[in-house]
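Asker: Pasting target-v7.pdb here (PDB, C-alpha atoms, pLDDT in the B column):
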```
ATOM      1  CA  MET A   1       0.000   0.000   0.000  1.00 51.00           C
ATOM      2  CA  GLY A   2       2.853   2.385   0.717  1.00 59.00           C
ATOM      3  CA  PHE A   3       3.099   5.425   2.917  1.00 63.00           C
ATOM      4  CA  GLY A   4       1.078   7.753   0.624  1.00 61.00           C
ATOM      5  CA  GLY A   5      -1.687   5.204   0.189  1.00 66.00           C
ATOM      6  CA  THR A   6      -1.890   4.637   3.934  1.00 71.00           C
ATOM      7  CA  LEU A   7      -2.211   8.354   4.630  1.00 69.00           C
ATOM      8  CA  GLU A   8      -4.920   8.689   1.999  1.00 71.00           C
ATOM      9  CA  TYR A   9      -6.824   5.719   3.452  1.00 72.00           C
ATOM     10  CA  ILE A  10      -6.624   7.120   6.993  1.00 73.00           C
ATOM     11  CA  SER A  11      -7.702  10.608   5.877  1.00 71.00           C
ATOM     12  CA  ASP A  12     -10.668   9.111   4.009  1.00 71.00           C
ATOM     13  CA  MET A  13     -11.654   7.175   7.119  1.00 68.00           C
ATOM     14  CA  MET A  14     -11.392  10.263   9.323  1.00 68.00           C
ATOM     15  CA  SER A  15     -13.241  12.605   6.958  1.00 66.00           C
ATOM     16  CA  SER A  16     -16.226  10.318   6.360  1.00 59.00           C
ATOM     17  CA  GLY A  17     -18.464  10.559   9.399  1.00 56.00           C
ATOM     18  CA  HIS A  18     -20.963   7.923   8.309  1.00 51.00           C
ATOM     19  CA  LYS A  19     -21.053   5.288   5.579  1.00 52.00           C
ATOM     20  CA  SER A  20     -24.403   6.233   4.009  1.00 45.00           C
ATOM     21  CA  LYS A  21     -22.699   7.669   0.904  1.00 57.00           C
ATOM     22  CA  LYS A  22     -21.686   5.265  -1.828  1.00 64.00           C
ATOM     23  CA  LYS A  23     -18.019   5.694  -2.742  1.00 71.00           C
ATOM     24  CA  LYS A  24     -17.343   6.644  -6.352  1.00 76.00           C
ATOM     25  CA  GLN A  25     -15.464   4.207  -8.571  1.00 83.00           C
ATOM     26  CA  PHE A  26     -11.960   5.042  -9.763  1.00 88.00           C
ATOM     27  CA  GLN A  27     -12.314   5.562 -13.494  1.00 90.00           C
ATOM     28  CA  THR A  28     -10.890   7.241 -16.559  1.00 91.00           C
ATOM     29  CA  VAL A  29     -13.064   9.721 -18.447  1.00 91.00           C
ATOM     30  CA  GLU A  30     -12.024  10.719 -21.967  1.00 91.00           C
ATOM     31  CA  LEU A  31     -13.413  13.882 -23.534  1.00 92.00           C
ATOM     32  CA  LYS A  32     -13.097  15.609 -26.866  1.00 91.00           C
ATOM     33  CA  VAL A  33     -12.647  19.304 -26.127  1.00 92.00           C
ATOM     34  CA  ARG A  34     -12.017  21.938 -28.790  1.00 91.00           C
ATOM     35  CA  MET A  35      -8.746  23.709 -27.845  1.00 90.00           C
ATOM     36  CA  ASP A  36      -6.666  25.969 -30.086  1.00 89.00           C
ATOM     37  CA  CYS A  37      -3.958  27.485 -27.910  1.00 91.00           C
ATOM     38  CA  ASP A  38      -2.020  27.133 -24.659  1.00 91.00           C
ATOM     39  CA  GLY A  39      -4.504  29.422 -22.913  1.00 92.00           C
ATOM     40  CA  CYS A  40      -7.427  27.159 -23.828  1.00 90.00           C
ATOM     41  CA  GLU A  41      -5.476  24.136 -22.653  1.00 92.00           C
ATOM     42  CA  LEU A  42      -4.599  25.773 -19.329  1.00 93.00           C
ATOM     43  CA  LYS A  43      -8.176  26.947 -18.768  1.00 93.00           C
ATOM     44  CA  VAL A  44      -9.586  23.435 -19.303  1.00 92.00           C
ATOM     45  CA  LYS A  45      -6.883  21.774 -17.185  1.00 93.00           C
ATOM     46  CA  LYS A  46      -7.403  24.203 -14.307  1.00 93.00           C
ATOM     47  CA  ALA A  47     -11.187  23.769 -14.371  1.00 93.00           C
ATOM     48  CA  LEU A  48     -11.054  19.961 -14.454  1.00 92.00           C
ATOM     49  CA  SER A  49      -8.340  19.791 -11.788  1.00 92.00           C
ATOM     50  CA  SER A  50     -10.593  21.733  -9.423  1.00 92.00           C
ATOM     51  CA  LEU A  51     -13.171  18.902  -9.380  1.00 90.00           C
ATOM     52  CA  SER A  52     -13.121  16.833  -6.206  1.00 88.00           C
ATOM     53  CA  GLY A  53     -11.753  13.333  -6.672  1.00 89.00           C
ATOM     54  CA  VAL A  54      -9.607  14.136  -9.722  1.00 91.00           C
ATOM     55  CA  LYS A  55      -6.174  12.503  -9.550  1.00 93.00           C
ATOM     56  CA  SER A  56      -4.754  13.572 -12.929  1.00 93.00           C
ATOM     57  CA  VAL A  57      -5.673  15.531 -16.044  1.00 94.00           C
ATOM     58  CA  GLU A  58      -3.827  14.808 -19.298  1.00 94.00           C
ATOM     59  CA  ILE A  59      -4.351  16.902 -22.412  1.00 93.00           C
ATOM     60  CA  ASN A  60      -3.420  16.046 -26.000  1.00 92.00           C
ATOM     61  CA  ARG A  61      -4.151  19.213 -27.969  1.00 89.00           C
ATOM     62  CA  LYS A  62      -3.243  17.654 -31.312  1.00 89.00           C
ATOM     63  CA  HIS A  63      -6.060  15.091 -30.969  1.00 88.00           C
ATOM     64  CA  GLN A  64      -8.322  17.466 -28.973  1.00 90.00           C
ATOM     65  CA  LYS A  65      -8.413  14.801 -26.241  1.00 91.00           C
ATOM     66  CA  VAL A  66      -8.613  15.276 -22.470  1.00 93.00           C
ATOM     67  CA  THR A  67      -8.163  12.301 -20.131  1.00 94.00           C
ATOM     68  CA  VAL A  68      -9.313  12.684 -16.526  1.00 94.00           C
ATOM     69  CA  THR A  69      -8.585   9.935 -13.993  1.00 93.00           C
ATOM     70  CA  GLY A  70      -9.853   9.725 -10.449  1.00 92.00           C
ATOM     71  CA  TYR A  71     -12.948   9.159  -8.378  1.00 91.00           C
ATOM     72  CA  VAL A  72     -15.205  11.144 -10.692  1.00 90.00           C
ATOM     73  CA  GLU A  73     -18.450  10.783 -12.594  1.00 90.00           C
ATOM     74  CA  ALA A  74     -18.403  11.222 -16.376  1.00 89.00           C
ATOM     75  CA  HIS A  75     -21.380  13.586 -16.556  1.00 90.00           C
ATOM     76  CA  LYS A  76     -19.893  15.914 -13.919  1.00 91.00           C
ATOM     77  CA  VAL A  77     -16.557  16.043 -15.752  1.00 92.00           C
ATOM     78  CA  LEU A  78     -18.359  16.807 -19.024  1.00 92.00           C
ATOM     79  CA  LYS A  79     -20.431  19.524 -17.358  1.00 93.00           C
ATOM     80  CA  LYS A  80     -17.312  21.133 -15.869  1.00 92.00           C
ATOM     81  CA  ALA A  81     -15.532  21.042 -19.240  1.00 91.00           C
ATOM     82  CA  LYS A  82     -18.501  22.717 -20.918  1.00 92.00           C
ATOM     83  CA  SER A  83     -18.551  25.392 -18.209  1.00 92.00           C
ATOM     84  CA  THR A  84     -15.225  26.686 -19.578  1.00 91.00           C
ATOM     85  CA  GLY A  85     -17.047  27.792 -22.730  1.00 92.00           C
ATOM     86  CA  LYS A  86     -15.382  25.145 -24.900  1.00 90.00           C
ATOM     87  CA  LYS A  87     -17.247  22.660 -27.043  1.00 92.00           C
ATOM     88  CA  ALA A  88     -16.944  19.317 -25.241  1.00 91.00           C
ATOM     89  CA  GLU A  89     -18.302  15.800 -25.643  1.00 90.00           C
ATOM     90  CA  ILE A  90     -17.495  12.302 -24.435  1.00 88.00           C
ATOM     91  CA  TRP A  91     -14.659  10.850 -26.580  1.00 84.00           C
ATOM     92  CA  PRO A  92     -16.554   9.548 -29.645  1.00 84.00           C
ATOM     93  CA  TYR A  93     -13.741   7.509 -31.215  1.00 82.00           C
ATOM     94  CA  VAL A  94     -12.512   3.934 -30.848  1.00 79.00           C
ATOM     95  CA  PRO A  95      -9.372   2.351 -32.299  1.00 80.00           C
ATOM     96  CA  TYR A  96      -9.643   1.361 -35.943  1.00 74.00           C
ATOM     97  CA  ASN A  97      -9.111  -2.363 -35.295  1.00 77.00           C
ATOM     98  CA  LEU A  98     -12.116  -2.667 -32.926  1.00 76.00           C
ATOM     99  CA  VAL A  99     -14.704  -1.838 -35.594  1.00 73.00           C
ATOM    100  CA  ALA A 100     -15.984  -4.514 -37.985  1.00 73.00           C
ATOM    101  CA  GLN A 101     -16.509  -2.112 -40.909  1.00 69.00           C
ATOM    102  CA  PRO A 102     -14.415   1.020 -40.284  1.00 65.00           C
ATOM    103  CA  TYR A 103     -15.180   2.642 -43.638  1.00 67.00           C
ATOM    104  CA  ALA A 104     -18.965   2.365 -43.322  1.00 73.00           C
ATOM    105  CA  ALA A 105     -20.725   5.709 -43.571  1.00 71.00           C
ATOM    106  CA  ALA A 106     -21.633   5.752 -39.880  1.00 69.00           C
ATOM    107  CA  ALA A 107     -18.138   4.923 -38.606  1.00 70.00           C
ATOM    108  CA  TYR A 108     -15.878   6.853 -40.987  1.00 72.00           C
ATOM    109  CA  ASP A 109     -15.084  10.366 -39.850  1.00 74.00           C
ATOM    110  CA  LYS A 110     -12.581  12.623 -41.636  1.00 76.00           C
ATOM    111  CA  LYS A 111     -11.965  14.570 -38.422  1.00 78.00           C
ATOM    112  CA  ALA A 112     -10.995  11.486 -36.396  1.00 79.00           C
ATOM    113  CA  PRO A 113      -7.382  11.225 -35.238  1.00 80.00           C
ATOM    114  CA  PRO A 114      -5.169   8.768 -37.136  1.00 79.00           C
ATOM    115  CA  GLY A 115      -5.932   5.171 -36.186  1.00 78.00           C
ATOM    116  CA  TYR A 116      -9.419   5.982 -34.859  1.00 81.00           C
ATOM    117  CA  VAL A 117     -12.966   5.809 -36.235  1.00 79.00           C
ATOM    118  CA  ARG A 118     -16.244   7.010 -34.764  1.00 78.00           C
ATOM    119  CA  ARG A 119     -17.908   4.748 -32.197  1.00 76.00           C
ATOM    120  CA  VAL A 120     -20.933   3.003 -33.739  1.00 71.00           C
ATOM    121  CA  ASP A 121     -23.707   1.172 -31.911  1.00 66.00           C
ATOM    122  CA  GLN A 122     -23.728  -2.532 -32.664  1.00 57.00           C
ATOM    123  CA  ASN A 123     -27.555  -2.649 -32.711  1.00 54.00           C
ATOM    124  CA  PRO A 124     -28.706  -0.015 -35.169  1.00 51.00           C
ATOM    125  CA  THR A 125     -32.236   1.159 -34.451  1.00 53.00           C
ATOM    126  CA  THR A 126     -32.937   2.312 -37.990  1.00 54.00           C
ATOM    127  CA  GLY A 127     -31.986   0.777 -41.268  1.00 55.00           C
ATOM    128  CA  THR A 128     -32.845   0.562 -44.923  1.00 56.00           C
ATOM    129  CA  VAL A 129     -34.299  -2.574 -46.420  1.00 57.00           C
ATOM    130  CA  SER A 130     -34.143  -2.997 -50.191  1.00 56.00           C
ATOM    131  CA  THR A 131     -36.349  -5.418 -52.064  1.00 57.00           C
ATOM    132  CA  PHE A 132     -36.187  -6.322 -55.712  1.00 56.00           C
ATOM    133  CA  GLU A 133     -39.324  -7.123 -57.654  1.00 61.00           C
ATOM    134  CA  ASP A 134     -39.198  -8.406 -61.212  1.00 57.00           C
ATOM    135  CA  PRO A 135     -40.822  -5.970 -63.609  1.00 60.00           C
ATOM    136  CA  ALA A 136     -43.358  -7.378 -66.030  1.00 59.00           C
ATOM    137  CA  TYR A 137     -41.151  -6.919 -69.136  1.00 58.00           C
ATOM    138  CA  VAL A 138     -38.489  -9.259 -67.726  1.00 59.00           C
ATOM    139  CA  THR A 139     -40.869 -12.221 -67.961  1.00 60.00           C
ATOM    140  CA  MET A 140     -41.789 -11.452 -71.596  1.00 63.00           C
ATOM    141  CA  PHE A 141     -38.430 -12.652 -72.883  1.00 61.00           C
ATOM    142  CA  SER A 142     -36.883 -15.994 -72.086  1.00 60.00           C
ATOM    143  CA  ASP A 143     -33.236 -16.986 -72.420  1.00 64.00           C
ATOM    144  CA  ASP A 144     -34.320 -20.627 -72.736  1.00 66.00           C
ATOM    145  CA  ASN A 145     -36.232 -20.059 -75.959  1.00 64.00           C
ATOM    146  CA  PRO A 146     -35.089 -16.958 -77.886  1.00 64.00           C
ATOM    147  CA  ASN A 147     -37.781 -17.466 -80.586  1.00 66.00           C
ATOM    148  CA  ALA A 148     -40.617 -17.204 -78.106  1.00 61.00           C
ATOM    149  CA  CYS A 149     -41.280 -13.523 -77.856  1.00 60.00           C
ATOM    150  CA  SER A 150     -44.604 -12.659 -76.262  1.00 58.00           C
ATOM    151  CA  ILE A 151     -44.764  -9.232 -77.961  1.00 59.00           C
ATOM    152  CA  MET A 152     -45.229 -10.671 -81.435  1.00 54.00           C
TER
END
```
Once more with this new file: its structure as structure tokens, please.

Answerer:
Amino acid sequence: MGFGGTLEYISDMMSSGHKSKKKKQFQTVELKVRMDCDGCELKVKKALSSLSGVKSVEINRKHQKVTVTGYVEAHKVLKKAKSTGKKAEIWPYVPYNLVAQPYAAAAYDKKAPPGYVRRVDQNPTTGTVSTFEDPAYVTMFSDDNPNACSIM
């Protein structure tokens, strides 16, 4: 556990008066946040670091990706990121090799970082069904008997 872990455990035990609250799970939340400059990056990092339970905030400006780890909830992190005035959403991309058809219209995204495609639901709720019906003129001519034309 180590010295730092022991101190954290003891401080958590001392600060929680009663056990009626459910403890948050340690998780990683990935966001896509539109950032153009160092100032934007600093503003987002400072805002997300101020959340309680956040252990680390990593920013990759090239991919417009923010990774927050700690005892946090995804919707609260997203709300805090949006409060900075930046356009933010949950990270919509998955690695290229995890998608069955990465160049399908729903998955392919020109703005995706290299090696990633857009996350697609496996159970599509809407779809297009095509049926083919033989038109009447197709049955008039037969390949079996070329002399039997029903028009004449």

Asker: To one decimal in Å, tell me the separation between CA of Lys82 (chain A) and CA of Lys111 (chain A).

Answerer: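 Taking CA of Lys82 (chain A) and CA of Lys111 (chain A), their separation equals 20.4 Å.
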
Asker: What is the distance, in Å and to one decimal place, between CA of Lys65 (chain A) and CA of Val29 (chain A)?

Answerer: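 Computing the Euclidean distance for CA of Lys65 (chain A) and CA of Val29 (chain A) yields 10.4 Å.
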
Asker: Please provide the set of residues having any atom within 12 Å of Leu31 (chain A), restricted to only C-alpha atoms, with same-chain residues fewer than 4 positions apart removed, written as an MDAnalysis selection string.

Answerer: chainID A and resid 35 44 48 57:61 63:69 74:82 86:93

Asker: Provide the CA of Ser50 (chain A) to CA of Gly85 (chain A) distance in Å, to one decimal place.

Answerer: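 Going from CA of Ser50 (chain A) over to CA of Gly85 (chain A), I get 16.0 Å.
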
Asker: Using only C-alpha atoms, which residue out of A:Ala112, A:Val33, A:Val99, A:Val120 lies closest to Lys45 (chain A)?

Answerer: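 Result for the nearest residue to Lys45 (chain A): A:Val33.
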
Asker: Point out the residue among A:Gly70, A:Arg119, A:Pro95, A:Asp109 with the least atom-to-atom distance to Lys23 (chain A), counting all atoms listed in the file.

Answerer: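 Ranked by minimum distance to Lys23 (chain A), first place goes to A:Gly70.
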
Asker: Expand the PyMOL selection byres ((chain A and resi 52) around 9) into the explicit residue set it covers here, and present it as a ChimeraX atom specification.

Answerer: /A:49-51,53-55,70-72

Asker: Dump C-alpha atoms for the selected residues as an mmCIF file, in the frame of the given file?

Answerer:
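Everything below was put into result_9.cif:
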```cif
data_model
loop_
_atom_site.group_PDB
_atom_site.id
_atom_site.type_symbol
_atom_site.label_atom_id
_atom_site.label_comp_id
_atom_site.auth_asym_id
_atom_site.auth_seq_id
_atom_site.Cartn_x
_atom_site.Cartn_y
_atom_site.Cartn_z
ATOM 1 C CA SER A 49 -8.340 19.791 -11.788
ATOM 2 C CA SER A 50 -10.593 21.733 -9.423
ATOM 3 C CA LEU A 51 -13.171 18.902 -9.380
ATOM 4 C CA GLY A 53 -11.753 13.333 -6.672
ATOM 5 C CA VAL A 54 -9.607 14.136 -9.722
ATOM 6 C CA LYS A 55 -6.174 12.503 -9.550
ATOM 7 C CA GLY A 70 -9.853 9.725 -10.449
ATOM 8 C CA TYR A 71 -12.948 9.159 -8.378
ATOM 9 C CA VAL A 72 -15.205 11.144 -10.692
#
```

Asker: Using only C-alpha atoms, find the one residue out of A:Glu73, A:Ala107, A:Asp38, A:Val94 that sits nearest to Gln25 (chain A).

Answerer: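 Closest candidate: A:Glu73.
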